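> Just one file: start_28.txt, with compact mmCIF, C-alpha atoms.
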```
# COMPACT_ATOMS: atom_id res chain seq x y z
CA MET A 648 0.00 0.00 0.00
CA TYR A 649 2.88 2.40 0.73
CA GLN A 650 4.25 1.89 -2.79
CA VAL A 651 0.82 2.73 -4.26
CA LYS A 652 0.59 6.01 -2.35
CA LYS A 653 4.11 6.90 -3.42
CA PHE A 654 3.24 6.23 -7.06
CA LEU A 655 0.06 8.40 -6.95
CA ARG A 656 1.95 11.23 -5.29
CA ALA A 657 4.49 11.20 -8.08
CA VAL A 658 1.77 11.23 -10.76
CA PHE A 659 -0.03 14.24 -9.30
CA ARG A 660 3.20 16.21 -8.86
CA ASN A 661 4.22 15.67 -12.48
CA PRO A 662 3.68 19.08 -14.18
CA ILE A 663 3.14 17.65 -17.64
CA LEU A 664 0.36 15.28 -16.52
CA ARG A 665 -1.30 18.03 -14.45
CA ASN A 666 -1.60 20.16 -17.65
CA TYR A 667 -3.30 17.31 -19.47
CA PRO A 668 -6.21 16.11 -17.32
CA LEU A 669 -7.29 13.38 -19.75
CA VAL A 670 -3.86 11.82 -19.86
CA LEU A 671 -3.70 12.03 -16.07
CA ALA A 672 -7.05 10.27 -15.75
CA PHE A 673 -5.92 7.56 -18.16
CA VAL A 674 -2.69 6.93 -16.24
CA ILE A 675 -4.58 6.78 -12.93
CA ALA A 676 -7.12 4.30 -14.39
CA ILE A 677 -4.34 2.02 -15.61
CA ALA A 678 -2.61 2.22 -12.25
CA VAL A 679 -5.80 1.39 -10.31
CA THR A 680 -6.55 -1.60 -12.59
CA ASN A 681 -3.09 -3.06 -12.14
CA ILE A 682 -3.24 -2.48 -8.40
CA TRP A 683 -6.59 -4.35 -8.22
CA LYS A 684 -5.22 -7.33 -10.19
CA LEU A 685 -2.20 -7.51 -7.90
CA GLY A 686 -4.52 -7.54 -4.91
CA GLN A 687 -6.60 -10.42 -6.29
CA THR A 688 -3.49 -12.46 -6.98
CA ALA A 689 -2.22 -11.84 -3.47
CA ASN A 690 -5.56 -12.95 -1.98
CA LYS A 691 -5.44 -16.20 -3.95
CA ILE A 692 -1.94 -16.93 -2.72
CA ASP A 693 -2.94 -16.16 0.87
CA ASN A 694 -6.04 -18.38 0.69
CA THR A 695 -4.12 -21.26 -0.83
CA SER A 696 -1.41 -21.16 1.80
CA SER A 697 -3.89 -20.98 4.67
CA VAL A 698 -5.75 -24.18 3.68
CA ALA A 699 -4.04 -27.48 4.50
CA PRO A 700 -3.27 -29.46 1.38
CA SER A 701 -5.72 -32.28 0.84
CA VAL A 702 -4.34 -35.79 0.57
CA THR A 703 -6.15 -38.12 -1.77
CA THR A 704 -5.43 -41.78 -1.35
CA THR A 705 -6.21 -43.74 -4.45
CA ALA A 706 -6.54 -47.48 -4.17
CA PRO A 707 -4.01 -49.16 -6.41
CA MET A 708 -5.38 -50.73 -9.52
CA VAL A 709 -5.86 -54.44 -8.90
CA THR A 710 -5.33 -56.80 -11.76
CA GLY A 711 -7.14 -60.10 -12.04
CA THR A 712 -4.10 -61.92 -10.67
CA GLN A 713 -3.73 -59.52 -7.75
CA SER A 714 -7.42 -59.86 -6.92
CA ALA A 715 -7.13 -63.63 -6.79
CA ASP A 716 -4.09 -63.36 -4.53
CA ALA A 717 -5.90 -60.95 -2.21
CA ASN A 718 -8.90 -63.25 -1.96
CA ALA A 719 -6.65 -66.21 -1.33
CA ALA A 720 -5.03 -64.35 1.56
CA ALA A 721 -8.38 -63.36 3.06
CA VAL A 722 -10.09 -66.73 2.68
CA PRO A 723 -8.03 -69.88 3.23
CA ALA A 724 -8.02 -72.12 0.21
CA VAL A 725 -10.14 -75.25 0.63
CA THR A 726 -8.78 -78.25 -1.15
CA THR A 727 -11.41 -80.84 -1.96
CA ALA A 728 -10.10 -84.31 -2.47
CA PRO A 729 -11.23 -85.77 -5.79
CA ALA A 730 -13.84 -88.52 -5.68
CA PRO A 731 -12.16 -91.92 -5.52
CA THR A 732 -12.14 -94.02 -8.65
CA PHE A 733 -13.39 -97.52 -8.02
CA GLN A 734 -12.15 -100.36 -10.16
CA THR A 735 -13.43 -103.84 -10.92
CA VAL A 736 -11.43 -106.70 -9.42
CA ASP A 737 -11.66 -110.47 -9.15
CA ASP A 738 -11.87 -112.77 -6.13
CA SER A 739 -8.11 -112.68 -5.54
CA TYR A 740 -8.45 -109.06 -4.41
CA PHE A 741 -9.90 -110.40 -1.14
CA ASP A 742 -6.99 -112.70 -0.33
CA ASP A 743 -5.79 -110.19 2.27
CA ALA A 744 -9.21 -108.80 3.26
CA LEU A 745 -10.86 -108.86 6.68
CA PHE A 746 -14.63 -108.46 7.06
CA ILE A 747 -15.94 -107.14 10.39
CA GLY A 748 -19.66 -107.27 11.12
CA ASP A 749 -22.76 -108.76 12.69
CA SER A 750 -24.97 -111.63 11.52
CA ARG A 751 -25.22 -110.20 8.02
CA THR A 752 -21.44 -110.50 7.69
CA GLU A 753 -21.61 -113.92 9.31
CA GLY A 754 -24.01 -114.97 6.56
CA LEU A 755 -21.51 -113.71 3.99
CA ALA A 756 -18.76 -115.77 5.64
CA LEU A 757 -20.83 -118.97 5.83
CA TYR A 758 -22.80 -118.87 2.58
CA GLY A 759 -20.92 -116.48 0.30
CA SER A 760 -18.22 -117.24 -2.26
CA LEU A 761 -15.44 -115.08 -0.81
CA THR A 762 -13.99 -117.95 1.19
CA ASN A 763 -10.46 -116.62 0.65
CA ALA A 764 -11.20 -113.61 2.88
CA ASP A 765 -10.97 -113.55 6.67
CA TYR A 766 -13.86 -112.67 8.97
CA PHE A 767 -14.55 -111.27 12.43
CA SER A 768 -18.30 -111.59 12.93
CA SER A 769 -20.87 -112.44 15.57
CA VAL A 770 -24.65 -112.40 15.90
CA GLY A 771 -25.73 -109.21 17.67
CA LEU A 772 -22.38 -107.45 17.26
CA SER A 773 -22.56 -103.65 17.44
CA ILE A 774 -20.15 -100.76 17.08
CA TYR A 775 -20.38 -100.29 20.85
CA LYS A 776 -19.26 -103.88 21.58
CA VAL A 777 -17.00 -104.71 18.66
CA THR A 778 -13.79 -104.03 20.61
CA GLU A 779 -14.97 -105.99 23.65
CA LYS A 780 -17.05 -108.94 22.51
CA ALA A 781 -15.38 -112.19 21.48
CA ALA A 782 -16.01 -113.09 17.85
CA GLY A 783 -14.03 -114.41 14.89
CA ASN A 784 -14.19 -116.36 11.66
CA PRO A 785 -17.27 -118.64 11.93
CA ASN A 786 -15.72 -121.03 9.44
CA LEU A 787 -12.88 -121.62 11.91
CA GLY A 788 -14.92 -121.53 15.11
CA GLU A 789 -12.85 -118.60 16.36
CA SER A 790 -13.64 -116.72 19.57
CA ILE A 791 -11.14 -113.90 20.08
CA THR A 792 -11.17 -110.15 20.53
CA LEU A 793 -10.86 -107.70 17.66
CA SER A 794 -7.49 -106.57 18.99
CA GLN A 795 -6.22 -110.16 18.86
CA LYS A 796 -7.62 -110.61 15.36
CA LEU A 797 -5.93 -107.47 14.06
CA SER A 798 -2.61 -108.54 15.54
CA GLN A 799 -2.56 -111.90 13.72
CA LYS A 800 -1.48 -110.48 10.36
CA GLN A 801 -1.30 -107.37 8.25
CA TYR A 802 -4.40 -106.99 6.07
CA GLY A 803 -4.52 -105.12 2.80
CA LYS A 804 -8.22 -104.31 3.19
CA VAL A 805 -10.62 -104.12 6.12
CA TYR A 806 -14.39 -104.08 5.44
CA ILE A 807 -16.75 -102.96 8.22
CA MET A 808 -20.54 -103.32 8.32
CA LEU A 809 -22.06 -102.52 11.71
CA GLY A 810 -25.03 -100.46 12.84
CA LEU A 811 -28.20 -102.55 12.70
CA ASN A 812 -28.19 -103.85 16.29
CA GLU A 813 -27.74 -100.41 17.83
CA LEU A 814 -30.43 -98.57 15.85
CA GLY A 815 -32.38 -97.90 19.03
CA THR A 816 -29.35 -96.98 21.09
CA GLY A 817 -27.83 -93.52 21.35
CA THR A 818 -28.05 -90.75 18.80
CA THR A 819 -26.65 -90.60 15.30
CA ASP A 820 -23.88 -88.29 16.52
CA SER A 821 -22.85 -90.49 19.45
CA TRP A 822 -22.99 -93.56 17.21
CA ALA A 823 -20.76 -91.90 14.61
CA GLN A 824 -18.34 -90.76 17.30
CA THR A 825 -17.94 -94.33 18.58
CA TYR A 826 -17.59 -95.59 15.01
CA SER A 827 -14.80 -93.05 14.44
CA GLN A 828 -12.97 -94.33 17.51
CA VAL A 829 -13.18 -97.91 16.24
CA ILE A 830 -11.79 -96.79 12.87
CA SER A 831 -8.87 -95.16 14.68
CA GLN A 832 -8.12 -98.38 16.56
CA ILE A 833 -8.20 -100.38 13.34
CA ARG A 834 -5.95 -97.85 11.62
CA GLN A 835 -3.46 -98.02 14.48
CA ALA A 836 -3.30 -101.81 14.21
CA GLN A 837 -3.42 -101.86 10.41
CA PRO A 838 -1.57 -98.73 9.24
CA ASP A 839 -1.35 -99.80 5.58
CA ALA A 840 -4.81 -101.29 5.07
CA ILE A 841 -7.55 -99.77 2.93
CA ILE A 842 -10.58 -99.38 5.19
CA TYR A 843 -14.04 -99.70 3.64
CA LEU A 844 -17.06 -98.39 5.55
CA GLN A 845 -20.01 -100.37 4.21
CA SER A 846 -23.43 -98.82 4.54
CA ILE A 847 -25.92 -100.34 6.97
CA LEU A 848 -28.26 -102.37 4.78
CA VAL A 849 -31.82 -101.03 4.77
CA VAL A 850 -34.69 -103.31 5.77
CA SER A 851 -37.68 -104.35 3.67
CA SER A 852 -40.85 -102.28 3.61
CA ALA A 853 -42.54 -104.91 5.80
CA LYS A 854 -39.87 -104.44 8.47
CA ASP A 855 -39.65 -100.65 8.16
CA ASP A 856 -41.41 -99.36 11.28
CA PRO A 857 -41.31 -95.54 11.53
CA SER A 858 -42.56 -95.69 15.14
CA GLY A 859 -40.14 -98.43 16.17
CA SER A 860 -36.39 -98.75 16.50
CA ILE A 861 -35.89 -100.54 13.17
CA ASN A 862 -36.67 -98.06 10.43
CA ASN A 863 -35.01 -96.93 7.25
CA ALA A 864 -35.12 -93.25 8.16
CA THR A 865 -32.71 -93.87 11.03
CA ILE A 866 -30.60 -96.19 8.88
CA ASN A 867 -30.30 -93.53 6.18
CA ALA A 868 -29.38 -90.86 8.73
CA ARG A 869 -26.65 -93.04 10.18
CA ASN A 870 -25.38 -93.94 6.73
CA GLN A 871 -25.00 -90.22 6.00
CA ALA A 872 -22.98 -89.83 9.19
CA LEU A 873 -20.95 -92.90 8.23
CA GLU A 874 -20.20 -91.48 4.80
CA ALA A 875 -18.90 -88.32 6.45
CA LEU A 876 -16.28 -90.42 8.25
CA ALA A 877 -14.70 -91.45 4.95
CA ASN A 878 -11.28 -89.96 4.33
CA PRO A 879 -9.69 -91.01 1.02
CA GLN A 880 -6.41 -89.33 1.98
CA ASP A 881 -6.15 -91.83 4.83
CA LYS A 882 -7.41 -94.68 2.62
CA ILE A 883 -10.86 -94.78 4.24
CA PHE A 884 -13.72 -95.16 1.75
CA TYR A 885 -17.51 -95.32 2.00
CA LEU A 886 -19.39 -98.01 0.07
CA ASN A 887 -23.14 -97.65 -0.41
CA VAL A 888 -23.93 -101.36 -0.71
CA ASN A 889 -27.65 -100.54 -0.61
CA GLU A 890 -27.40 -99.58 -4.27
CA ALA A 891 -27.15 -103.30 -5.06
CA VAL A 892 -30.03 -104.59 -2.93
CA MET A 893 -32.74 -101.96 -2.49
CA ASP A 894 -35.95 -101.57 -4.45
CA SER A 895 -37.34 -98.44 -6.11
CA SER A 896 -38.82 -97.23 -2.81
CA GLY A 897 -35.46 -97.35 -1.02
CA CYS A 898 -36.19 -100.49 1.00
CA LEU A 899 -34.48 -103.85 0.93
CA ASP A 900 -35.87 -105.75 -2.06
CA ALA A 901 -38.35 -108.24 -0.58
CA SER A 902 -37.35 -110.89 -3.12
CA LEU A 903 -33.81 -110.96 -1.68
CA THR A 904 -34.74 -111.74 1.92
CA SER A 905 -36.89 -114.08 3.97
CA ASP A 906 -37.07 -112.02 7.13
CA GLY A 907 -36.80 -108.48 5.75
CA ILE A 908 -33.34 -108.02 7.29
CA HIS A 909 -30.86 -110.68 6.13
CA LEU A 910 -29.98 -111.50 2.55
CA LEU A 911 -30.78 -114.98 1.27
CA GLY A 912 -27.81 -117.16 0.39
CA ASN A 913 -28.47 -116.84 -3.32
CA SER A 914 -28.68 -113.04 -2.96
CA LEU A 915 -25.24 -112.62 -1.42
CA SER A 916 -23.69 -112.50 -4.90
CA LEU A 917 -25.25 -109.02 -5.37
CA TRP A 918 -23.32 -107.80 -2.34
CA GLU A 919 -20.14 -109.53 -3.45
CA ASP A 920 -20.40 -108.21 -7.01
CA TYR A 921 -20.86 -104.69 -5.71
CA LEU A 922 -17.66 -105.01 -3.67
CA LYS A 923 -15.78 -106.34 -6.68
CA GLN A 924 -16.96 -103.40 -8.79
CA HIS A 925 -16.03 -100.84 -6.11
CA ALA A 926 -12.43 -101.56 -5.23
CA ILE A 927 -9.45 -99.29 -4.73
CA VAL A 928 -6.30 -100.65 -6.36
CA PRO A 929 -3.28 -98.54 -5.36
CA GLY A 930 -0.91 -97.82 -8.22
CA SER A 931 -2.99 -99.69 -10.76
CA ALA A 932 -5.61 -98.92 -13.39
CA ALA A 933 -8.25 -101.53 -14.12
CA ALA A 934 -9.92 -101.75 -17.50
CA ALA A 935 -13.34 -101.13 -16.01
CA SER A 936 -13.75 -98.30 -13.54
CA THR A 937 -16.55 -96.27 -12.04
CA THR A 938 -16.45 -93.06 -10.05
CA ALA A 939 -17.68 -93.20 -6.48
CA PRO A 940 -21.13 -91.61 -6.02
CA THR A 941 -21.37 -88.40 -4.01
CA SER A 942 -23.89 -88.65 -1.22
CA TYR A 943 -24.79 -88.94 2.59
CA THR A 944 -34.01 -96.12 21.99
CA THR A 945 -33.93 -99.90 22.48
CA ALA A 946 -31.06 -102.10 21.41
CA VAL A 947 -32.06 -104.55 18.69
CA THR A 948 -30.06 -107.66 19.55
CA ALA A 949 -32.43 -110.08 17.90
CA ALA A 950 -32.22 -108.31 14.57
CA SER A 951 -28.93 -109.93 13.65
```
For this file, produce the structure as structure tokens.

Amino acid sequence: MYQVKKFLRAVFRNPILRNYPLVLAFVIAIAVTNIWKLGQTANKIDNTSSVAPSVTTTAPMVTGTQSADANAAAVPAVTTAPAPTFQTVDDSYFDDALFIGDSRTEGLALYGSLTNADYFSSVGLSIYKVTEKAAGNPNLGESITLSQKLSQKQYGKVYIMLGLNELGTGTTDSWAQTYSQVISQIRQAQPDAIIYLQSILVVSSAKDDPSGSINNATINARNQALEALANPQDKIFYLNVNEAVMDSSGCLDASLTSDGIHLLGNSLSLWEDYLKQHAIVPGSAAAASTTAPTSYTTAVTAAS
């Protein structure tokens, strides 16, 4: 402001400009205009310096690869084991097989054609008693514990079918928990064996009693829980044997049984053929192969 006053004082004192009023007015107008522009510029500078600079954070551009990596870091990758591939085998596959079960398995041992396999079976056997009750190969008149049986030799395959006699005992969860413990004991004794969890066979429509302990709804629920125990990475596989013996309504085919529970001797071949067509052969590829399907109180001692 002091410089402006000094400039105006000099203009008015100039004798030439004072003699020419129009020129003086023109010079003053130019001076005022320039002074105004300088003032506006100064205000802009002052305003800019008084406001804190804004910081804009822009998210980095994420490529498709980066997005996948970010998602992988946020959500752990879940690796799903591929469905096992079952192959067709002949009778010799069962040379080193052990079948564990109740009276249904005992019928397989006594009247079936897989006489080269070994058996640990007993009428009334359940998952709750299998590690305690004496049983064995009925063809040999054995009466030993499961622990003793498993210590006799190393088996290549162990087939289990239990669950009918305890339909009215415990819950599906408690049953599956006990079953899991038995599997662990078998695995400890037979570290290299393939373990097959055979489904509980359904009963015929005449035996299916929704209000009683023997009913297919409970059998199906427990078979789902049993299937969940399968672990192909640990060589534990679920076999839905019911596919070979049930009718269109999901019950045991009445023509295959005399009591609605046990298979007739001439029907056992359906069970055996199913096992032959659903075998795991490590390090080998059979000519015929099928992919495993994807699915899931009073003690009944007299049932088997």
> Given the choices A:Ala877, A:Asp743, A:Thr792, A:Glu779, which gets closest to Phe767 in chain A if the distance is worked out from only C-alpha atoms?
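The shortest atom-to-atom distance to Phe767 in chain A comes from A:Thr792.
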> Counting only C-alpha atoms, what is within 8 Å of range 746-752 of chain A, bar same-chain residues fewer than 3 positions away, as a list in words?
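Returned residues: Leu755, Ala756, Ala764, Asp765, Tyr766, Phe767, Ser768, Ser769, Val770, Gly771, Leu772, Ser773, Val805, Tyr806, Ile807, Met808, Leu809, His909, Leu910 and Ser951 of chain A.
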> Which residues are near Lys854 in chain A? Cut-off 8 Å, only C-alpha atoms, ignore same chain within fewer than 3 positions. Put them as a VMD selection string.
chain A and resid 850 to 851 861 to 862 907 to 908
> Keeping only C-alpha atoms, write those residues as a JSON list (two decimals), in the coordinates of the input.

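Output below, filename again-v3.json:
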```
[["chain", "number", "residue", "atom", "x", "y", "z"],
["A", 850, "VAL", "CA", -34.69, -103.31, 5.77],
["A", 851, "SER", "CA", -37.68, -104.35, 3.67],
["A", 861, "ILE", "CA", -35.89, -100.54, 13.17],
["A", 862, "ASN", "CA", -36.67, -98.06, 10.43],
["A", 907, "GLY", "CA", -36.80, -108.48, 5.75],
["A", 908, "ILE", "CA", -33.34, -108.02, 7.29]]
```
> Would you mind telling me which residue in A:Val777, A:Ala823, A:Leu844, A:Leu911 lies nearest to Ala872 in chain A when using only C-alpha atoms?
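Between A:Val777, A:Ala823, A:Leu844, A:Leu911, the residue approaching Ala872 in chain A most closely is A:Ala823.
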> What gap, in Å, lies between CA of Ser902 in chain A and CA of Pro785 in chain A?
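Going from CA of Ser902 in chain A over to CA of Pro785 in chain A, I get 26.3 Å.
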> What is the distance between CA of Gln835 in chain A and CA of Gly815 in chain A, in Å to one decimal?
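The value is 29.3 Å.
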> So, with all atoms listed in the file as the atoms that count, which of A:Leu915, A:Ile791, A:Leu745, A:Ala836 lies closest to Val888 in chain A?
A:Leu915
> Neighbours of Gln924 in chain A within 7 Å (only C-alpha atoms; same-chain residues fewer than 5 positions away dropped), as a list in words?
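Counting only C-alpha atoms, the residues come to Phe733, Gln734, Thr735 and Val736 of chain A.
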> Which neighbours of Val829 in chain A fall inside 9 Å, counting all atoms listed in the file, when residues of the same chain fewer than 5 positions from it are skipped, and could you give them as a ChimeraX atom specification?
/A:774-775,777-778,824,834
> Set the distance at 9 Å and use all atoms listed in the file: which residues neighbour Gly803 in chain A once local chain neighbours fewer than 2 positions away are removed? I'd like the list as a JSON list (two decimals) with C-alpha atoms, in the frame of the given file.

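Output contents, as saved in out_20.json:
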```
[["chain", "number", "residue", "atom", "x", "y", "z"],
["A", 741, "PHE", "CA", -9.90, -110.40, -1.14],
["A", 742, "ASP", "CA", -6.99, -112.70, -0.33],
["A", 743, "ASP", "CA", -5.79, -110.19, 2.27],
["A", 744, "ALA", "CA", -9.21, -108.80, 3.26],
["A", 745, "LEU", "CA", -10.86, -108.86, 6.68],
["A", 801, "GLN", "CA", -1.30, -107.37, 8.25],
["A", 805, "VAL", "CA", -10.62, -104.12, 6.12],
["A", 837, "GLN", "CA", -3.42, -101.86, 10.41],
["A", 839, "ASP", "CA", -1.35, -99.80, 5.58],
["A", 840, "ALA", "CA", -4.81, -101.29, 5.07],
["A", 841, "ILE", "CA", -7.55, -99.77, 2.93],
["A", 842, "ILE", "CA", -10.58, -99.38, 5.19]]
```
> Between CA of Glu813 in chain A and CA of Met893 in chain A, what is the distance in Å, rounded to a tenth?
21.0 Å
> Which one of A:Leu793, A:Leu922, A:Ala864, A:Ala781 sits closest to Leu814 in chain A if you count all atoms listed in the file?
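Result for the nearest residue to Leu814 in chain A: A:Ala864.
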> In terms of the shortest atom-to-atom distance over all atoms listed in the file, which of A:Ala891, A:Leu757, A:Ala853, A:Leu876 is closest to Asp820 in chain A?
A:Leu876
